[in-house]
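Structure first, then comments.
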Amino acid sequence: MDAVIISLKLDLSKQNSNLNEITRLRQTENNSTTLKATVLDHNKEIDLSQCSAELHFKKPNGEICVQAAQIEDNDVVCTLNNESTAISGSAEAYFQIFNKDKTVVNTTDTFYLQILPGLMPVKKTDPNEPQPIDLQILK
């Protein structure tokens, strides 16, 4: 099974942040969602051939994580790992772009992710014990 690819258009001018829809994924999905961003500068595609990139990700609990991204066919590509999707709720992220010698650093628009809750079964201590029912309503 291949990863789901989410295509984004992100501008370094940060003028188009409202163009990106909220990306939805499921809590604890691991290596199944790939973000593929076309990076623009004032709506014009830029050359990323000599650049590197990182994903800066703010989890729903406020914790920040940084994940390496790749440049492929002039797009920034990053597959979200389990650390990024471990907590359900609203998250925000952006890509940080470095030039070859890392003297110039720029960032893209912020984009938003909604991490949907995963339904995790309760582990039974006794195999003959019936599975408990969780009466909590997920909001």
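Simple scheme: letters A, B, ... for chains in structure tokens order, numbers from 1 for residues in each chain, numbers from 1 for ligands in the order shown.
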DSSP on the backbone, then: every residue of segment 18-122 of chain A marked strand (DSSP E or B), written as a compact mmCIF listing (two decimals) with N, CA, C and O atoms, in the first residue's frame.
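Below is the file that was written, result.txt:
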```txt
# COMPACT_ATOMS: atom_id res chain seq x y z
N THR A 23 -5.79 19.69 6.17
CA THR A 23 -5.47 18.30 5.85
C THR A 23 -5.91 17.44 7.02
O THR A 23 -5.59 17.74 8.16
N ARG A 24 -6.63 16.38 6.73
CA ARG A 24 -7.11 15.49 7.79
C ARG A 24 -6.41 14.14 7.68
O ARG A 24 -6.24 13.61 6.59
N LEU A 25 -6.03 13.61 8.83
CA LEU A 25 -5.44 12.29 8.90
C LEU A 25 -5.81 11.66 10.23
O LEU A 25 -6.38 12.33 11.09
N ARG A 26 -5.53 10.38 10.41
CA ARG A 26 -5.93 9.65 11.60
C ARG A 26 -4.76 9.54 12.57
O ARG A 26 -3.63 9.34 12.18
N THR A 33 0.98 9.17 5.34
CA THR A 33 0.60 10.44 4.74
C THR A 33 1.87 11.19 4.33
O THR A 33 2.74 11.44 5.16
N THR A 34 1.95 11.52 3.06
CA THR A 34 3.09 12.26 2.53
C THR A 34 2.62 13.65 2.10
O THR A 34 1.66 13.77 1.34
N LEU A 35 3.29 14.66 2.62
CA LEU A 35 3.03 16.04 2.20
C LEU A 35 3.95 16.35 1.04
O LEU A 35 5.16 16.12 1.11
N LYS A 36 3.39 16.90 -0.04
CA LYS A 36 4.16 17.26 -1.22
C LYS A 36 3.85 18.72 -1.53
O LYS A 36 2.74 19.04 -1.95
N ALA A 37 4.81 19.59 -1.26
CA ALA A 37 4.57 21.04 -1.37
C ALA A 37 5.33 21.65 -2.54
O ALA A 37 6.54 21.45 -2.68
N THR A 38 4.60 22.37 -3.37
CA THR A 38 5.21 23.22 -4.38
C THR A 38 5.46 24.55 -3.70
O THR A 38 4.53 25.16 -3.14
N VAL A 39 6.71 25.01 -3.72
CA VAL A 39 7.07 26.24 -3.02
C VAL A 39 7.14 27.39 -4.03
O VAL A 39 7.80 27.29 -5.07
N LEU A 40 6.44 28.46 -3.68
CA LEU A 40 6.34 29.64 -4.54
C LEU A 40 6.95 30.84 -3.83
O LEU A 40 7.09 30.85 -2.61
N ASP A 41 7.29 31.84 -4.63
CA ASP A 41 7.67 33.14 -4.09
C ASP A 41 6.84 34.17 -4.84
O ASP A 41 7.02 34.37 -6.04
N LYS A 44 5.17 32.61 -7.85
CA LYS A 44 6.04 32.07 -8.90
C LYS A 44 6.88 30.96 -8.31
O LYS A 44 7.51 31.13 -7.26
N GLU A 45 6.88 29.81 -8.99
CA GLU A 45 7.63 28.66 -8.48
C GLU A 45 9.12 28.98 -8.44
O GLU A 45 9.66 29.62 -9.33
N SER A 52 17.75 22.46 0.81
CA SER A 52 17.31 21.38 1.69
C SER A 52 16.12 21.92 2.49
O SER A 52 15.87 23.13 2.51
N ALA A 53 15.40 21.03 3.16
CA ALA A 53 14.18 21.46 3.84
C ALA A 53 13.92 20.62 5.08
O ALA A 53 14.37 19.48 5.21
N GLU A 54 13.15 21.22 6.00
CA GLU A 54 12.67 20.55 7.21
C GLU A 54 11.20 20.90 7.40
O GLU A 54 10.76 21.98 7.03
N LEU A 55 10.48 19.98 8.01
CA LEU A 55 9.11 20.24 8.42
C LEU A 55 9.14 20.64 9.89
O LEU A 55 9.69 19.93 10.73
N HIS A 56 8.55 21.80 10.20
CA HIS A 56 8.39 22.24 11.59
C HIS A 56 6.91 22.07 11.91
O HIS A 56 6.05 22.64 11.25
N PHE A 57 6.63 21.29 12.95
CA PHE A 57 5.29 20.80 13.22
C PHE A 57 4.93 21.07 14.68
O PHE A 57 5.66 20.66 15.58
N LYS A 58 3.83 21.77 14.91
CA LYS A 58 3.34 22.01 16.26
C LYS A 58 2.16 21.08 16.51
O LYS A 58 1.10 21.21 15.91
N ILE A 64 6.61 20.97 19.89
CA ILE A 64 7.16 21.21 18.56
C ILE A 64 8.06 20.04 18.17
O ILE A 64 8.87 19.58 18.98
N CYS A 65 7.93 19.57 16.94
CA CYS A 65 8.88 18.57 16.44
C CYS A 65 9.35 19.01 15.06
O CYS A 65 8.65 19.72 14.34
N VAL A 66 10.57 18.64 14.74
CA VAL A 66 11.18 18.97 13.46
C VAL A 66 11.52 17.66 12.78
O VAL A 66 12.09 16.75 13.40
N GLN A 67 11.17 17.57 11.50
CA GLN A 67 11.40 16.34 10.75
C GLN A 67 12.06 16.70 9.43
O GLN A 67 11.68 17.68 8.77
N ALA A 68 13.04 15.93 9.02
CA ALA A 68 13.72 16.16 7.74
C ALA A 68 12.74 15.97 6.59
O ALA A 68 11.86 15.12 6.65
N ALA A 69 12.91 16.78 5.56
CA ALA A 69 12.12 16.66 4.33
C ALA A 69 13.10 16.51 3.17
O ALA A 69 14.29 16.80 3.31
N GLN A 70 12.61 16.06 2.03
CA GLN A 70 13.44 15.88 0.85
C GLN A 70 12.96 16.81 -0.25
O GLN A 70 11.80 17.22 -0.29
N ILE A 71 13.87 17.13 -1.17
CA ILE A 71 13.52 17.87 -2.37
C ILE A 71 13.46 16.84 -3.50
O ILE A 71 14.46 16.18 -3.79
N GLU A 72 12.29 16.68 -4.10
CA GLU A 72 12.09 15.73 -5.20
C GLU A 72 11.34 16.42 -6.32
O GLU A 72 10.23 16.92 -6.10
N ASP A 75 9.88 19.79 -5.62
CA ASP A 75 8.86 19.88 -4.58
C ASP A 75 9.49 19.45 -3.25
O ASP A 75 10.42 18.65 -3.22
N VAL A 76 8.95 19.98 -2.15
CA VAL A 76 9.36 19.54 -0.82
C VAL A 76 8.44 18.38 -0.45
O VAL A 76 7.22 18.51 -0.51
N VAL A 77 9.05 17.26 -0.07
CA VAL A 77 8.30 16.04 0.21
C VAL A 77 8.66 15.55 1.61
O VAL A 77 9.83 15.47 1.97
N CYS A 78 7.63 15.23 2.40
CA CYS A 78 7.86 14.75 3.76
C CYS A 78 6.75 13.77 4.13
O CYS A 78 5.56 14.09 4.02
N THR A 79 7.14 12.58 4.56
CA THR A 79 6.18 11.58 5.03
C THR A 79 6.07 11.71 6.55
O THR A 79 7.08 11.61 7.25
N GLY A 89 -6.17 16.20 17.41
CA GLY A 89 -6.51 17.61 17.56
C GLY A 89 -5.98 18.42 16.39
O GLY A 89 -5.57 17.87 15.37
N SER A 90 -5.99 19.73 16.55
CA SER A 90 -5.53 20.64 15.48
C SER A 90 -4.04 20.87 15.60
O SER A 90 -3.53 21.14 16.69
N ALA A 91 -3.36 20.79 14.47
CA ALA A 91 -1.91 21.00 14.43
C ALA A 91 -1.61 22.02 13.33
O ALA A 91 -2.42 22.23 12.43
N GLU A 92 -0.45 22.64 13.42
CA GLU A 92 -0.02 23.56 12.37
C GLU A 92 1.42 23.26 12.02
O GLU A 92 2.18 22.73 12.84
N ALA A 93 1.79 23.60 10.80
CA ALA A 93 3.13 23.27 10.33
C ALA A 93 3.56 24.23 9.23
O ALA A 93 2.74 24.95 8.66
N TYR A 94 4.84 24.23 8.96
CA TYR A 94 5.41 24.93 7.81
C TYR A 94 6.72 24.25 7.45
O TYR A 94 7.27 23.47 8.22
N PHE A 95 7.20 24.53 6.24
CA PHE A 95 8.50 24.03 5.81
C PHE A 95 9.53 25.13 5.93
O PHE A 95 9.26 26.28 5.59
N GLN A 96 10.69 24.77 6.43
CA GLN A 96 11.83 25.68 6.48
C GLN A 96 12.76 25.26 5.35
O GLN A 96 13.11 24.09 5.23
N ILE A 97 13.15 26.24 4.52
CA ILE A 97 13.98 25.98 3.34
C ILE A 97 15.35 26.60 3.56
O ILE A 97 15.46 27.76 3.96
N PHE A 98 16.40 25.82 3.28
CA PHE A 98 17.79 26.29 3.41
C PHE A 98 18.43 26.29 2.03
O PHE A 98 18.21 25.37 1.25
N VAL A 105 17.88 31.23 5.07
CA VAL A 105 16.83 30.37 5.59
C VAL A 105 15.51 31.10 5.38
O VAL A 105 15.39 32.28 5.70
N ASN A 106 14.53 30.40 4.83
CA ASN A 106 13.22 30.99 4.61
C ASN A 106 12.17 29.97 5.03
O ASN A 106 12.47 28.79 5.14
N THR A 107 10.95 30.43 5.24
CA THR A 107 9.87 29.55 5.64
C THR A 107 8.66 29.77 4.73
O THR A 107 8.47 30.85 4.18
N PHE A 111 0.49 25.80 7.26
CA PHE A 111 -0.66 25.00 6.84
C PHE A 111 -1.15 24.22 8.04
O PHE A 111 -0.44 24.06 9.03
N TYR A 112 -2.38 23.76 7.97
CA TYR A 112 -3.04 23.21 9.15
C TYR A 112 -3.45 21.76 8.92
O TYR A 112 -3.83 21.38 7.81
N LEU A 113 -3.36 20.98 9.98
CA LEU A 113 -3.73 19.57 9.93
C LEU A 113 -4.72 19.28 11.05
O LEU A 113 -4.58 19.81 12.15
N GLN A 114 -5.68 18.45 10.76
CA GLN A 114 -6.62 17.97 11.77
C GLN A 114 -6.34 16.49 11.95
O GLN A 114 -6.51 15.70 11.02
N ILE A 115 -5.86 16.13 13.13
CA ILE A 115 -5.54 14.74 13.42
C ILE A 115 -6.75 14.14 14.13
O ILE A 115 -7.07 14.51 15.26
N LEU A 116 -7.44 13.26 13.44
CA LEU A 116 -8.66 12.66 13.95
C LEU A 116 -8.32 11.59 14.99
O LEU A 116 -7.32 10.89 14.85
```
Practice prompt. Would you list, as JSON, numbers by chain, the residues of segment 44-129 of chain A that end up in helix (DSSP H, G or I) under DSSP run on this structure's backbone?
Written response: {"A": [82, 83, 84, 85]}
Kindly export the residues of the current selection with all heavy atoms, as a PDB file, in the first residue's frame.
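This went into result12.pdb:
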```pdb
ATOM      1  N   ASN A  82       5.023   8.599  13.056  1.00  0.00           N
ATOM      2  CA  ASN A  82       4.114   8.354  14.172  1.00  0.00           C
ATOM      3  C   ASN A  82       4.216   9.430  15.249  1.00  0.00           C
ATOM      4  O   ASN A  82       3.235   9.766  15.898  1.00  0.00           O
ATOM      5  CB  ASN A  82       4.386   6.969  14.770  1.00  0.00           C
ATOM      6  CG  ASN A  82       3.281   6.522  15.708  1.00  0.00           C
ATOM      7  OD1 ASN A  82       2.120   6.813  15.479  1.00  0.00           O
ATOM      8  ND2 ASN A  82       3.647   5.832  16.756  1.00  0.00           N
ATOM      9  N   GLU A  83       5.402  10.009  15.432  1.00  0.00           N
ATOM     10  CA  GLU A  83       5.572  11.070  16.429  1.00  0.00           C
ATOM     11  C   GLU A  83       4.671  12.264  16.110  1.00  0.00           C
ATOM     12  O   GLU A  83       4.082  12.877  16.986  1.00  0.00           O
ATOM     13  CB  GLU A  83       7.037  11.515  16.484  1.00  0.00           C
ATOM     14  CG  GLU A  83       7.277  12.616  17.496  1.00  0.00           C
ATOM     15  CD  GLU A  83       8.710  13.142  17.486  1.00  0.00           C
ATOM     16  OE1 GLU A  83       9.555  12.571  16.794  1.00  0.00           O
ATOM     17  OE2 GLU A  83       8.942  14.143  18.172  1.00  0.00           O
ATOM     18  N   SER A  84       4.551  12.589  14.836  1.00  0.00           N
ATOM     19  CA  SER A  84       3.748  13.748  14.427  1.00  0.00           C
ATOM     20  C   SER A  84       2.258  13.512  14.585  1.00  0.00           C
ATOM     21  O   SER A  84       1.502  14.446  14.805  1.00  0.00           O
ATOM     22  CB  SER A  84       4.046  14.102  12.968  1.00  0.00           C
ATOM     23  OG  SER A  84       5.396  14.452  12.818  1.00  0.00           O
ATOM     24  N   THR A  85       1.812  12.260  14.472  1.00  0.00           N
ATOM     25  CA  THR A  85       0.375  11.972  14.482  1.00  0.00           C
ATOM     26  C   THR A  85      -0.096  11.286  15.766  1.00  0.00           C
ATOM     27  O   THR A  85      -1.205  10.776  15.814  1.00  0.00           O
ATOM     28  CB  THR A  85       0.007  11.091  13.278  1.00  0.00           C
ATOM     29  OG1 THR A  85       0.699   9.849  13.390  1.00  0.00           O
ATOM     30  CG2 THR A  85       0.363  11.772  11.967  1.00  0.00           C
TER      31      THR A  85
END
```
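Across the model, the gap from atom CA of Glu21 of chain A to atom CA of Ile6 of chain A is 10.4 Å.
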Item to complete: Extract, using only C-alpha atoms, all DNA, RNA and protein residues at most 6 Å from Cys51 of chain A, discarding same-chain residues fewer than 2 positions from it, and format them as a list of chain:residue names.
Response: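 Residues near the query, excluding close chain neighbours: A:Leu48, A:Ser49, A:Phe98, A:Asn99, A:Lys100.
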Worksheet item: What does the distance from atom CA of Asp73 of chain A to atom CA of Ser7 of chain A come to in Å, to one decimal?
Response: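 We find that atom CA of Asp73 of chain A and atom CA of Ser7 of chain A lie 13.3 Å from each other.
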Response to the item:
Atom pair atom CA of Ile5 of chain A + atom CA of Leu80 of chain A, distance 10.6 Å
Discussion item. Could you check the closest approach to Asn30 of chain A for each of A:Thr110, A:Asn128, A:Ser13, A:Asn81 and tell me which residue wins, using only C-alpha atoms?
Written reply: A:Asn81
